[in-house]
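Structure data follow from protein-v3.cif (mmCIF, C-alpha atoms):
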data_final
#
loop_
_atom_site.label_atom_id
_atom_site.label_comp_id
_atom_site.auth_asym_id
_atom_site.auth_seq_id
_atom_site.Cartn_x
_atom_site.Cartn_y
_atom_site.Cartn_z
CA MET A 70 90.78 0.57 -36.91
CA LEU A 71 89.32 -2.64 -35.54
CA ASP A 72 89.65 -5.94 -37.33
CA ASP A 73 86.59 -8.12 -37.91
CA ARG A 74 87.05 -10.15 -34.77
CA GLN A 75 87.29 -7.02 -32.63
CA ARG A 76 84.31 -5.55 -34.39
CA ARG A 77 82.24 -8.62 -33.55
CA ARG A 78 83.35 -8.37 -29.91
CA PHE A 79 82.33 -4.73 -29.85
CA GLU A 80 78.90 -5.72 -31.17
CA ALA A 81 78.56 -8.49 -28.61
CA GLU A 82 79.98 -6.75 -25.54
CA ILE A 83 79.49 -3.01 -25.93
CA MET A 84 76.33 -2.51 -27.97
CA PRO A 85 74.05 -4.32 -25.43
CA LEU A 86 75.23 -1.90 -22.71
CA MET A 87 73.58 1.10 -24.33
CA PRO A 88 70.64 1.26 -21.87
CA GLU A 89 73.10 1.51 -18.96
CA ALA A 90 75.20 4.06 -20.82
CA TYR A 91 72.10 6.15 -21.46
CA ASN A 92 70.86 5.98 -17.87
CA LEU A 93 74.21 7.09 -16.44
CA ALA A 94 74.56 9.90 -18.99
CA ARG A 95 70.99 11.02 -18.35
CA TRP A 96 71.67 11.34 -14.61
CA LEU A 97 74.94 13.18 -15.07
CA VAL A 98 73.88 15.72 -17.70
CA LYS A 99 70.27 15.99 -16.49
CA ASN A 100 68.42 16.23 -19.78
CA ASP A 101 67.36 13.93 -22.63
CA HIS A 102 68.99 15.80 -25.45
CA ASP A 103 72.46 16.02 -23.92
CA ALA A 104 72.22 12.41 -22.77
CA GLU A 105 71.68 11.34 -26.36
CA ASP A 106 74.69 13.38 -27.50
CA VAL A 107 76.82 11.88 -24.74
CA VAL A 108 75.84 8.29 -25.62
CA GLN A 109 76.64 8.89 -29.26
CA GLU A 110 79.97 10.56 -28.54
CA ALA A 111 80.89 7.94 -25.92
CA TYR A 112 80.15 5.09 -28.32
CA LEU A 113 82.31 6.66 -31.00
CA ARG A 114 85.11 7.09 -28.45
CA ALA A 115 84.60 3.54 -27.20
CA PHE A 116 84.88 2.25 -30.74
CA ARG A 117 88.13 4.12 -31.23
CA PHE A 118 89.67 2.94 -27.95
CA PHE A 119 88.26 -0.61 -27.98
CA ALA A 120 91.38 -2.35 -29.28
CA GLY A 121 93.57 -0.56 -26.72
CA ARG A 122 91.44 -1.23 -23.65
CA ARG A 123 93.28 -2.58 -20.64
CA THR A 124 90.46 -4.26 -18.77
CA ASP A 125 88.20 -7.23 -19.40
CA ASN A 126 85.24 -5.64 -17.70
CA ALA A 127 83.44 -4.12 -20.68
CA ARG A 128 80.80 -2.58 -18.47
CA SER A 129 82.97 -0.49 -16.17
CA TRP A 130 85.23 0.33 -19.13
CA LEU A 131 82.34 1.73 -21.17
CA LEU A 132 80.71 3.52 -18.23
CA ARG A 133 84.01 5.24 -17.44
CA ILE A 134 84.03 6.65 -20.96
CA VAL A 135 80.39 7.68 -20.60
CA ARG A 136 81.20 9.40 -17.32
CA ASN A 137 84.18 11.28 -18.78
CA THR A 138 82.17 12.29 -21.84
CA SER A 139 79.36 13.56 -19.62
CA TYR A 140 81.69 15.66 -17.49
CA ASP A 141 83.49 16.95 -20.57
CA LEU A 142 80.14 18.21 -21.80
CA THR A 143 79.08 19.78 -18.51
CA ASN A 144 82.52 21.38 -18.10
CA ARG A 145 82.27 22.86 -21.58
CA ARG A 146 78.91 24.30 -20.62
CA LYS A 147 80.42 25.87 -17.52
CA THR A 148 83.19 27.51 -19.54
CA ILE A 149 80.67 28.98 -21.94
CA SER A 150 78.33 30.45 -19.34
CA LEU A 151 80.93 32.43 -17.45
CA ASP A 152 78.38 34.75 -15.89
CA THR A 153 76.41 32.02 -14.21
CA ASN A 154 77.40 31.51 -10.62
CA LEU A 155 77.52 27.75 -10.48
CA ASP A 156 77.77 27.48 -6.73
CA SER A 157 74.48 29.22 -6.31
CA VAL A 158 72.90 27.01 -8.95
CA GLU A 159 74.02 23.89 -7.11
CA LEU A 160 72.77 25.30 -3.83
CA THR A 161 69.35 26.03 -5.22
CA LEU A 162 69.07 22.53 -6.56
CA ALA A 163 70.28 20.95 -3.39
CA ASP A 164 68.02 22.89 -1.05
CA PRO A 165 65.17 20.60 -0.03
CA ASP A 166 63.30 23.25 1.94
CA GLN A 167 62.19 25.42 -0.93
CA PRO A 168 58.46 26.02 -0.58
CA ASP A 169 57.36 25.71 -4.18
CA PRO A 170 59.01 22.44 -5.24
CA ALA A 171 57.84 20.89 -1.99
CA LYS A 172 54.24 21.67 -2.80
CA ALA A 173 54.64 20.46 -6.32
CA LEU A 174 56.23 17.28 -5.06
CA GLN A 175 53.16 16.24 -3.12
CA GLN A 176 51.25 15.85 -6.33
CA GLN A 177 53.96 13.87 -8.05
CA SER A 178 54.30 10.16 -8.36
CA GLU A 179 56.71 8.27 -6.15
CA GLN A 180 59.00 7.79 -9.16
CA ALA A 181 59.18 11.53 -9.74
CA ILE A 182 59.82 12.19 -6.05
CA VAL A 183 62.72 9.76 -5.90
CA ARG A 184 64.12 11.07 -9.18
CA GLU A 185 63.97 14.64 -7.97
CA ALA A 186 65.76 13.76 -4.74
CA ILE A 187 68.56 11.89 -6.53
CA ALA A 188 68.94 14.75 -9.01
CA ALA A 189 69.34 17.17 -6.09
CA LEU A 190 72.45 15.36 -4.81
CA ALA A 191 75.91 16.75 -5.54
CA PRO A 192 77.40 15.12 -8.68
CA GLU A 193 79.86 12.86 -6.81
CA HIS A 194 77.05 11.57 -4.60
CA ARG A 195 74.57 11.28 -7.43
CA GLU A 196 76.84 9.17 -9.61
CA VAL A 197 77.64 6.72 -6.83
CA ILE A 198 73.93 6.24 -6.04
CA VAL A 199 73.10 5.74 -9.73
CA LEU A 200 75.88 3.22 -10.26
CA ARG A 201 75.07 1.24 -7.12
CA GLU A 202 71.29 1.43 -6.69
CA LEU A 203 70.12 1.83 -10.27
CA GLN A 204 72.78 -0.09 -12.17
CA ASP A 205 73.82 -2.57 -9.50
CA LEU A 206 77.57 -2.29 -10.01
CA SER A 207 79.95 -3.84 -7.49
CA TYR A 208 82.20 -1.53 -5.48
CA ARG A 209 85.15 -2.64 -7.58
CA GLU A 210 83.34 -1.71 -10.78
CA ILE A 211 82.26 1.64 -9.36
CA ALA A 212 85.85 2.32 -8.33
CA GLU A 213 86.97 1.61 -11.92
CA VAL A 214 84.31 3.87 -13.39
CA MET A 215 85.11 6.79 -11.08
CA GLY A 216 88.84 6.22 -10.87
CA VAL A 217 88.93 6.22 -7.03
CA PRO A 218 89.86 3.58 -4.41
CA ILE A 219 87.20 1.13 -3.21
CA GLY A 220 87.29 2.65 0.29
CA THR A 221 86.32 6.00 -1.18
CA VAL A 222 83.39 4.38 -2.97
CA MET A 223 82.15 2.97 0.33
CA SER A 224 82.41 6.16 2.38
CA ARG A 225 80.97 8.26 -0.43
CA LEU A 226 78.06 5.87 -0.76
CA SER A 227 77.41 6.05 2.98
CA ARG A 228 77.31 9.84 2.85
CA ALA A 229 75.19 9.85 -0.32
CA ARG A 230 72.66 7.52 1.27
CA GLU A 231 72.45 9.63 4.42
CA GLN A 232 71.80 12.74 2.35
CA LEU A 233 69.29 11.04 0.12
CA ALA A 234 67.43 9.62 3.12
CA THR A 235 67.23 13.10 4.60
CA LEU A 236 66.03 14.59 1.32
CA LEU A 237 63.31 11.97 1.07
CA LEU A 238 62.35 12.02 4.74
CA ASN A 239 59.47 14.43 4.41
CA LYS A 240 58.38 13.27 1.02
CA ARG A 241 56.73 9.96 1.68
CA ALA A 242 54.48 8.73 -1.05
CA GLU A 243 50.78 8.37 -0.42
CA GLY A 244 49.89 5.08 1.19
CA ASP A 245 53.50 4.48 2.15
CA VAL A 246 53.36 5.50 5.81
CA MET B 860 84.22 -1.00 16.95
CA ASN B 861 82.67 2.34 17.77
CA CYS B 862 80.08 4.52 16.01
CA GLN B 863 82.68 6.63 14.31
CA ASN B 864 84.35 3.81 12.40
CA CYS B 865 81.09 1.92 11.98
CA GLU B 866 79.32 4.68 10.10
CA PRO B 867 81.30 4.62 6.84
CA LEU B 868 81.06 0.81 6.81
CA LEU B 869 77.26 0.70 6.92
CA SER B 870 76.97 0.89 3.14
CA GLY B 871 79.49 -1.87 2.69
CA TYR B 872 77.58 -4.01 5.17
CA LEU B 873 74.30 -3.33 3.39
CA ASP B 874 75.78 -4.26 0.00
CA PHE B 875 77.63 -7.37 1.24
CA GLU B 876 80.92 -5.79 0.23
CA LEU B 877 82.81 -6.21 3.54
CA ASP B 878 85.20 -9.02 4.30
CA LEU B 879 83.98 -11.53 6.86
CA PRO B 880 85.81 -10.25 10.00
CA THR B 881 84.74 -6.63 9.38
CA SER B 882 81.24 -7.74 8.59
CA LEU B 883 81.03 -9.60 11.91
CA GLN B 884 82.34 -6.57 13.79
CA VAL B 885 79.70 -4.33 12.23
CA GLU B 886 77.04 -6.89 13.01
CA GLN B 887 78.05 -6.98 16.62
CA HIS B 888 78.15 -3.20 16.89
CA LEU B 889 74.66 -2.95 15.37
CA GLN B 890 73.33 -5.26 18.06
CA GLU B 891 74.78 -3.04 20.76
CA CYS B 892 74.22 0.44 19.34
CA GLU B 893 70.74 1.77 18.78
CA SER B 894 71.65 4.85 16.81
CA CYS B 895 73.83 2.95 14.30
CA ARG B 896 71.08 0.37 13.98
CA ALA B 897 68.63 3.15 13.19
CA ALA B 898 71.02 4.56 10.59
CA PHE B 899 71.39 1.13 9.03
CA GLU B 900 67.63 0.61 8.89
CA ARG B 901 67.25 4.01 7.31
CA GLN B 902 69.65 2.96 4.56
CA GLN B 903 67.84 -0.34 4.10
CA GLN B 904 64.52 1.43 3.75
CA LEU B 905 66.05 3.87 1.34
CA GLN B 906 67.35 1.03 -0.80
CA ARG B 907 63.93 -0.60 -0.90
CA ARG B 908 62.25 2.68 -1.67
CA ILE B 909 64.58 3.45 -4.59
CA GLU B 910 64.11 -0.04 -5.98
CA ALA B 911 60.33 0.22 -5.82
CA ALA B 912 60.27 3.66 -7.46
CA GLU B 913 62.23 2.47 -10.53
CA PRO B 914 63.85 5.84 -11.12
CA ALA B 915 66.22 4.68 -13.92
CA TYR B 916 65.74 6.33 -17.31
CA GLN B 917 64.85 4.05 -20.20
CA LEU B 918 66.89 4.29 -23.37
CA PRO B 919 64.47 5.69 -25.97
CA ASP B 920 64.19 3.49 -29.08
CA SER B 921 64.94 6.49 -31.24
CA VAL B 922 68.30 7.03 -29.50
CA ARG B 923 69.23 3.37 -29.76
CA ALA B 924 68.36 3.41 -33.46
CA ARG B 925 70.29 6.60 -34.14
CA VAL B 926 73.49 5.58 -32.34
CA THR B 927 73.38 2.08 -33.83
CA ARG B 928 72.88 3.53 -37.30
CA LYS B 929 75.73 5.94 -36.77
CA LEU B 930 78.13 3.14 -35.83
CA ARG B 931 76.91 0.47 -38.26
CA GLY B 932 76.63 2.95 -41.09
CA GLY B 933 80.14 4.13 -40.33
CA PRO B 934 82.95 2.44 -38.44
CA LEU B 935 81.24 -0.80 -37.36
CA ASN B 936 80.34 -1.88 -40.85
CA ARG B 937 83.42 -0.89 -42.72
CA GLY B 938 84.35 -4.28 -44.13
CA ILE B 939 87.84 -5.20 -45.22
CA ALA B 940 86.86 -5.17 -48.88
CA ARG B 941 85.43 -1.70 -48.59
CA ARG B 942 88.46 -0.44 -46.76
CA ALA B 943 90.80 -1.98 -49.31
CA ALA B 944 88.86 -0.36 -52.14
CA LEU B 945 88.99 2.94 -50.35
CA ALA B 946 92.70 2.67 -49.71
CA PHE B 947 93.30 1.75 -53.33
CA ALA B 948 91.26 4.70 -54.58
CA LEU B 949 93.07 7.01 -52.20
CA LEU B 950 96.46 5.72 -53.32
CA PHE B 951 95.48 6.21 -56.92
CA VAL B 952 94.38 9.78 -56.35
CA LEU B 953 97.48 10.56 -54.33
CA ALA B 954 99.77 8.97 -56.88
CA THR B 955 98.38 10.81 -59.88
CA VAL B 956 97.33 14.18 -58.56
CA GLY B 957 99.58 14.31 -55.54
CA LEU B 958 102.79 13.52 -57.34
CA ALA B 959 102.24 16.21 -59.91
CA LEU B 960 101.54 18.86 -57.32
CA GLN B 961 103.77 17.53 -54.60
CA HIS B 962 105.76 20.63 -54.01
CA ASN B 963 102.84 23.03 -53.96
CA PHE B 964 100.67 20.67 -52.02
CA SER B 965 103.04 20.21 -49.12
CA ALA B 966 103.77 23.91 -48.94
CA THR B 967 100.07 24.73 -48.71
CA GLU B 968 99.57 22.00 -46.18
CA GLN B 969 102.38 23.43 -44.10
CA ASP B 970 100.87 26.90 -44.21
CA GLN B 971 97.48 25.60 -43.30
CA THR B 972 98.82 23.59 -40.37
CA ALA B 973 100.77 26.59 -39.08
CA ASP B 974 97.63 28.73 -39.31
CA ARG B 975 95.63 26.13 -37.44
CA LEU B 976 98.29 25.85 -34.75
CA LEU B 977 98.39 29.59 -34.38
CA SER B 978 94.64 29.88 -33.97
CA ALA B 979 94.63 26.98 -31.49
CA HIS B 980 97.43 28.74 -29.61
CA LEU B 981 95.61 32.09 -29.54
CA ARG B 982 92.36 30.41 -28.56
CA SER B 983 94.15 28.78 -25.63
CA LEU B 984 95.22 32.18 -24.32
CA LEU B 985 91.63 33.35 -23.88
CA PRO B 986 90.46 33.31 -20.26
CA ASP B 987 89.80 29.76 -19.01
CA HIS B 988 90.84 28.07 -22.26
CA LEU B 989 94.43 27.18 -21.48
CA VAL B 990 94.03 23.89 -19.63
CA ASP B 991 91.36 21.31 -18.81
CA VAL B 992 93.55 19.86 -16.10
CA ARG B 993 95.73 22.29 -14.19
CA SER B 994 98.66 20.80 -12.34
CA THR B 995 102.42 21.14 -12.09
CA ASP B 996 102.58 17.41 -11.35
CA LEU B 997 103.09 15.15 -14.37
CA HIS B 998 101.49 12.28 -12.45
CA THR B 999 98.25 14.27 -12.43
CA VAL B 1000 98.41 15.55 -15.99
CA LYS B 1001 99.37 12.29 -17.72
CA PRO B 1002 96.59 10.05 -16.29
CA TRP B 1003 94.01 12.72 -17.07
CA PHE B 1004 94.25 11.81 -20.75
CA ASP B 1005 93.38 8.20 -19.93
CA GLY B 1006 90.11 7.38 -21.65
CA ARG B 1007 89.94 10.79 -23.28
CA ILE B 1008 92.30 10.18 -26.15
CA SER B 1009 93.50 6.97 -27.75
CA PHE B 1010 97.15 7.26 -26.70
CA SER B 1011 99.17 8.27 -23.69
CA PRO B 1012 101.07 11.49 -24.44
CA PRO B 1013 104.57 12.04 -23.00
CA VAL B 1014 104.57 14.56 -20.12
CA LEU B 1015 107.94 15.67 -18.76
CA ASN B 1016 109.24 17.40 -15.70
CA LEU B 1017 111.53 20.12 -17.07
CA ASP B 1018 111.41 22.40 -14.02
CA GLN B 1019 115.18 22.46 -13.61
CA HIS B 1020 115.54 23.81 -17.15
CA GLY B 1021 113.03 26.60 -16.56
CA TYR B 1022 110.12 25.00 -18.44
CA MET B 1023 107.35 24.71 -15.85
CA LEU B 1024 104.44 22.33 -16.38
CA VAL B 1025 101.09 24.18 -16.31
CA GLY B 1026 98.64 21.44 -17.29
CA GLY B 1027 96.97 19.76 -20.23
CA ARG B 1028 93.88 19.86 -22.41
CA LEU B 1029 92.25 18.25 -25.42
CA ASP B 1030 92.20 20.34 -28.56
CA TYR B 1031 91.70 20.13 -32.27
CA VAL B 1032 94.16 21.27 -34.87
CA GLY B 1033 91.87 21.37 -37.87
CA PRO B 1034 90.25 17.94 -37.92
CA LYS B 1035 93.04 16.30 -35.88
CA GLU B 1036 92.47 15.52 -32.22
CA ALA B 1037 95.51 16.49 -30.16
CA ALA B 1038 96.67 16.08 -26.58
CA VAL B 1039 98.09 19.46 -25.57
CA ILE B 1040 100.66 19.75 -22.80
CA VAL B 1041 101.11 23.32 -21.62
CA TYR B 1042 104.44 24.56 -20.29
CA ARG B 1043 105.51 28.01 -19.15
CA TYR B 1044 108.95 29.39 -19.90
CA ARG B 1045 109.47 32.63 -17.95
CA GLU B 1046 106.35 34.59 -18.96
CA HIS B 1047 105.84 32.67 -22.21
CA ILE B 1048 103.26 29.96 -22.71
CA ILE B 1049 104.33 26.98 -24.80
CA ASN B 1050 101.56 24.84 -26.23
CA LEU B 1051 102.87 21.36 -27.11
CA PHE B 1052 100.42 19.60 -29.47
CA ILE B 1053 100.79 15.82 -29.66
CA TYR B 1054 98.99 13.67 -32.20
CA ALA B 1055 99.04 9.94 -32.77
CA GLY B 1056 100.78 8.57 -35.85
CA ASP B 1057 103.25 10.24 -38.15
CA GLY B 1058 102.81 13.06 -40.56
CA THR B 1059 106.28 13.77 -41.83
CA THR B 1060 104.95 13.68 -45.35
CA LEU B 1061 102.74 16.62 -44.50
CA ILE B 1062 105.05 18.75 -42.40
CA GLY B 1063 108.74 18.19 -42.01
CA ALA B 1064 110.69 18.94 -38.86
CA ARG B 1065 111.07 22.62 -39.42
CA HIS B 1066 110.47 26.04 -38.03
CA ILE B 1067 107.85 28.43 -39.18
CA GLN B 1068 107.21 31.95 -38.00
CA ARG B 1069 103.69 33.31 -37.84
CA ALA B 1070 102.76 36.78 -36.64
CA GLY B 1071 105.73 36.88 -34.29
CA TYR B 1072 105.09 33.42 -32.88
CA ASN B 1073 107.54 30.54 -33.25
CA CYS B 1074 106.32 27.16 -34.31
CA ALA B 1075 108.11 23.86 -34.85
CA THR B 1076 107.04 20.35 -35.76
CA TRP B 1077 108.90 17.14 -35.19
CA GLN B 1078 108.57 13.40 -34.82
CA GLN B 1079 109.06 11.61 -31.53
CA ASN B 1080 108.46 7.99 -30.44
CA GLY B 1081 105.68 7.46 -32.94
CA PHE B 1082 103.99 10.74 -32.12
CA LEU B 1083 103.83 13.86 -34.21
CA CYS B 1084 104.54 16.94 -32.10
CA SER B 1085 104.12 20.65 -32.74
CA ALA B 1086 105.05 23.43 -30.37
CA MET B 1087 103.73 26.97 -30.59
CA THR B 1088 104.97 29.85 -28.45
CA ASP B 1089 105.86 33.51 -28.25
CA ALA B 1090 109.17 32.57 -26.62
CA SER B 1091 112.36 33.01 -28.65
CA LYS B 1092 113.51 30.53 -31.26
CA GLU B 1093 116.44 29.58 -29.00
CA ALA B 1094 114.11 28.82 -26.10
CA LEU B 1095 111.97 26.72 -28.42
CA ASP B 1096 114.99 24.84 -29.78
CA LYS B 1097 116.14 24.04 -26.26
CA PHE B 1098 112.62 22.86 -25.42
CA ILE B 1099 112.55 20.51 -28.41
CA GLU B 1100 116.00 19.20 -27.53
CA LEU B 1101 114.78 18.36 -24.00
CA GLN B 1102 111.61 16.73 -25.33
CA THR B 1103 113.42 14.52 -27.81
CA ALA B 1104 116.26 13.67 -25.42
CA SER B 1105 113.95 11.78 -23.07
#
Target format structure tokens, applied to this file:
Amino acid sequence: MLDDRQRRRFEAEIMPLMPEAYNLARWLVKNDHDAEDVVQEAYLRAFRFFAGRRTDNARSWLLRIVRNTSYDLTNRRKTISLDTNLDSVELTLADPDQPDPAKALQQQSEQAIVREAIAALAPEHREVIVLRELQDLSYREIAEVMGVPIGTVMSRLSRAREQLATLLLNKRAEGDV
Amino acid sequence: MNCQNCEPLLSGYLDFELDLPTSLQVEQHLQECESCRAAFERQQQLQRRIEAAEPAYQLPDSVRARVTRKLRGGPLNRGIARRAALAFALLFVLATVGLALQHNFSATEQDQTADRLLSAHLRSLLPDHLVDVRSTDLHTVKPWFDGRISFSPPVLNLDQHGYMLVGGRLDYVGPKEAAVIVYRYREHIINLFIYAGDGTTLIGARHIQRAGYNCATWQQNGFLCSAMTDASKEALDKFIELQTAS
């Protein structure tokens, strides 16, 4: 249990990060309802682990918990739906040449187009794009969140950007030629 | 610098994350190499396009309110006075009721815990339930628990004694969250449940048999441990001896 001083620190440092926690969870679990569950569960975990944390960077510390909680949830889902072939699911999502979504995309807003493209990335590429481009974390912070070396962050980000650029290549917004 | 080692650095260059010498090298290569320059400009455009599209998801007010309420209504707002009152009430109840029924109570508790351990053990033997992290390397299994549970469970290499590490998972024994380290002894799975804190008052260090399975509970370095297995009692005893010897 946290003492009063720790509880005040939690209020001051962790509670204001909820928008970031939600955004990351939303990108990793891909729907509103699960994102809400993840944020709630992650905040309860964060509260429990707060006194024992080993870093001063509250942001990367919390986002690491959010990331783990998100993957715990998606892994649980995978275990439950044993019949679903997950590889094929990923492939369908990642295939930019499907006729129907492409048509639908033309009528969508630029925000929806970009969102769809990011969502189509493989999880390890998606999370690095979200942390860097949407949440503006430094490479060091991203490395802490994902538990990988900084060099890996850089090369993964390069690959993720290449893929995303390709995905978006033929989906220019109207007026943006 | 050539294209091959320039390519993975482009992101770092774009984000101002390279040290000065490397940054200068990339800069020079970009002046000389058209295709890398094109790749860099593509990334720059991409960055601008993402920024303009504002793809981030906004935290809905309802979610913020619900999570805040959950924490403030529960753990965040539990003042010292309230906790003291609670502890006092709990002590009182334990002292009066508990003392009178001590013998019965602990026996029931023991039974219940053994039942819970058995069902957790059986559940783990279903396909794909045994481990969340599968590795024979303790340096993979131990760090996996980092950030998933509030303590760092002991993971041992007991290969030379015939107890092979299989992996680890998170599990619940009743309401208690446990780190589970899974070992294999010959063809027998041993589930080692580790919880924070002590619980000697609930279950002493003793053996229980349940439906042909052997179960033991003991205290170790501030953790409460239970092992459940279909291996023999001797094999289990040896296992506990090795665990507590470290």
Problem set entry | Matched chain/residue IDs from the PyMOL selection byres ((chain B) within 9 of (chain A)), as a ChimeraX atom specification | /B:866-871,874,876,898,901-902,904-906,908-919,922-923,925-927,929-930,934-936,938-939,987-988,991,1006-1010
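Straight-line separation from atom CA of Ile1040 of chain B to atom CA of Arg123 of chain A: 23.6 Å.
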What's the 12 Å shell around Cys862 of chain B, counting only C-alpha atoms, without same-chain residues fewer than 6 positions away, as a PDB file with C-alpha atoms, keeping the file's coordinate frame?
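Just written: around.pdb:
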ATOM      1  CA  LEU B 868      81.060   0.810   6.810  1.00  0.00           C
ATOM      2  CA  LEU B 869      77.260   0.700   6.920  1.00  0.00           C
ATOM      3  CA  GLN B 884      82.340  -6.570  13.790  1.00  0.00           C
ATOM      4  CA  VAL B 885      79.700  -4.330  12.230  1.00  0.00           C
ATOM      5  CA  GLN B 887      78.050  -6.980  16.620  1.00  0.00           C
ATOM      6  CA  HIS B 888      78.150  -3.200  16.890  1.00  0.00           C
ATOM      7  CA  LEU B 889      74.660  -2.950  15.370  1.00  0.00           C
ATOM      8  CA  GLU B 891      74.780  -3.040  20.760  1.00  0.00           C
ATOM      9  CA  CYS B 892      74.220   0.440  19.340  1.00  0.00           C
ATOM     10  CA  GLU B 893      70.740   1.770  18.780  1.00  0.00           C
ATOM     11  CA  SER B 894      71.650   4.850  16.810  1.00  0.00           C
ATOM     12  CA  CYS B 895      73.830   2.950  14.300  1.00  0.00           C
ATOM     13  CA  ARG B 896      71.080   0.370  13.980  1.00  0.00           C
ATOM     14  CA  ALA B 897      68.630   3.150  13.190  1.00  0.00           C
ATOM     15  CA  ALA B 898      71.020   4.560  10.590  1.00  0.00           C
ATOM     16  CA  PHE B 899      71.390   1.130   9.030  1.00  0.00           C
TER      17      PHE B 899
END
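Residue membership of the PyMOL selection byres ((chain B and resi 997) around 7) in the shown file amounts to B:Thr995, B:Asp996, B:His998, B:Thr999, B:Val1000, B:Lys1001, B:Val1014, B:Leu1015, B:Asn1016.
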Please write as an mmCIF file with C-alpha atoms, keeping the file's coordinate frame the list of polymer residues whose atoms come within 6 Å of (81.7, 7.0, -9.9), counting all atoms listed in the file and keeping to the coordinates of the file.
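Full text of part33.cif as output:
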data_model
loop_
_atom_site.group_PDB
_atom_site.id
_atom_site.type_symbol
_atom_site.label_atom_id
_atom_site.label_comp_id
_atom_site.auth_asym_id
_atom_site.auth_seq_id
_atom_site.Cartn_x
_atom_site.Cartn_y
_atom_site.Cartn_z
ATOM 1 C CA GLU A 196 76.840 9.170 -9.610
ATOM 2 C CA VAL A 197 77.640 6.720 -6.830
ATOM 3 C CA ILE A 211 82.260 1.640 -9.360
ATOM 4 C CA VAL A 214 84.310 3.870 -13.390
ATOM 5 C CA MET A 215 85.110 6.790 -11.080
#
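Among B:Gln903, B:Gln971, B:Phe947, B:Ala1094, the residue with the shortest atom-to-atom distance to Val1032 of chain B, counting all atoms listed in the file, is B:Gln971.
Between atom CA of Leu985 of chain B and atom CA of Asp1030 of chain B the interatomic distance comes to 13.8 Å.
In this model, the gap between atom CA of Gln1102 of chain B and atom CA of Ser983 of chain B comes to 21.2 Å.
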List the residues selected by the PyMOL selection byres ((chain B and resi 1018) around 12) in the file shown, writing them as a PDB file with C-alpha atoms, in the frame of the given file.
ATOM      1  CA  THR B 995     102.420  21.140 -12.090  1.00  0.00           C
ATOM      2  CA  ASP B 996     102.580  17.410 -11.350  1.00  0.00           C
ATOM      3  CA  LEU B 997     103.090  15.150 -14.370  1.00  0.00           C
ATOM      4  CA  LEU B1015     107.940  15.670 -18.760  1.00  0.00           C
ATOM      5  CA  ASN B1016     109.240  17.400 -15.700  1.00  0.00           C
ATOM      6  CA  LEU B1017     111.530  20.120 -17.070  1.00  0.00           C
ATOM      7  CA  GLN B1019     115.180  22.460 -13.610  1.00  0.00           C
ATOM      8  CA  HIS B1020     115.540  23.810 -17.150  1.00  0.00           C
ATOM      9  CA  GLY B1021     113.030  26.600 -16.560  1.00  0.00           C
ATOM     10  CA  TYR B1022     110.120  25.000 -18.440  1.00  0.00           C
ATOM     11  CA  MET B1023     107.350  24.710 -15.850  1.00  0.00           C
ATOM     12  CA  LEU B1024     104.440  22.330 -16.380  1.00  0.00           C
ATOM     13  CA  VAL B1025     101.090  24.180 -16.310  1.00  0.00           C
ATOM     14  CA  TYR B1042     104.440  24.560 -20.290  1.00  0.00           C
ATOM     15  CA  ARG B1043     105.510  28.010 -19.150  1.00  0.00           C
ATOM     16  CA  TYR B1044     108.950  29.390 -19.900  1.00  0.00           C
ATOM     17  CA  ARG B1045     109.470  32.630 -17.950  1.00  0.00           C
ATOM     18  CA  PHE B1098     112.620  22.860 -25.420  1.00  0.00           C
ATOM     19  CA  LEU B1101     114.780  18.360 -24.000  1.00  0.00           C
TER      20      LEU B1101
END
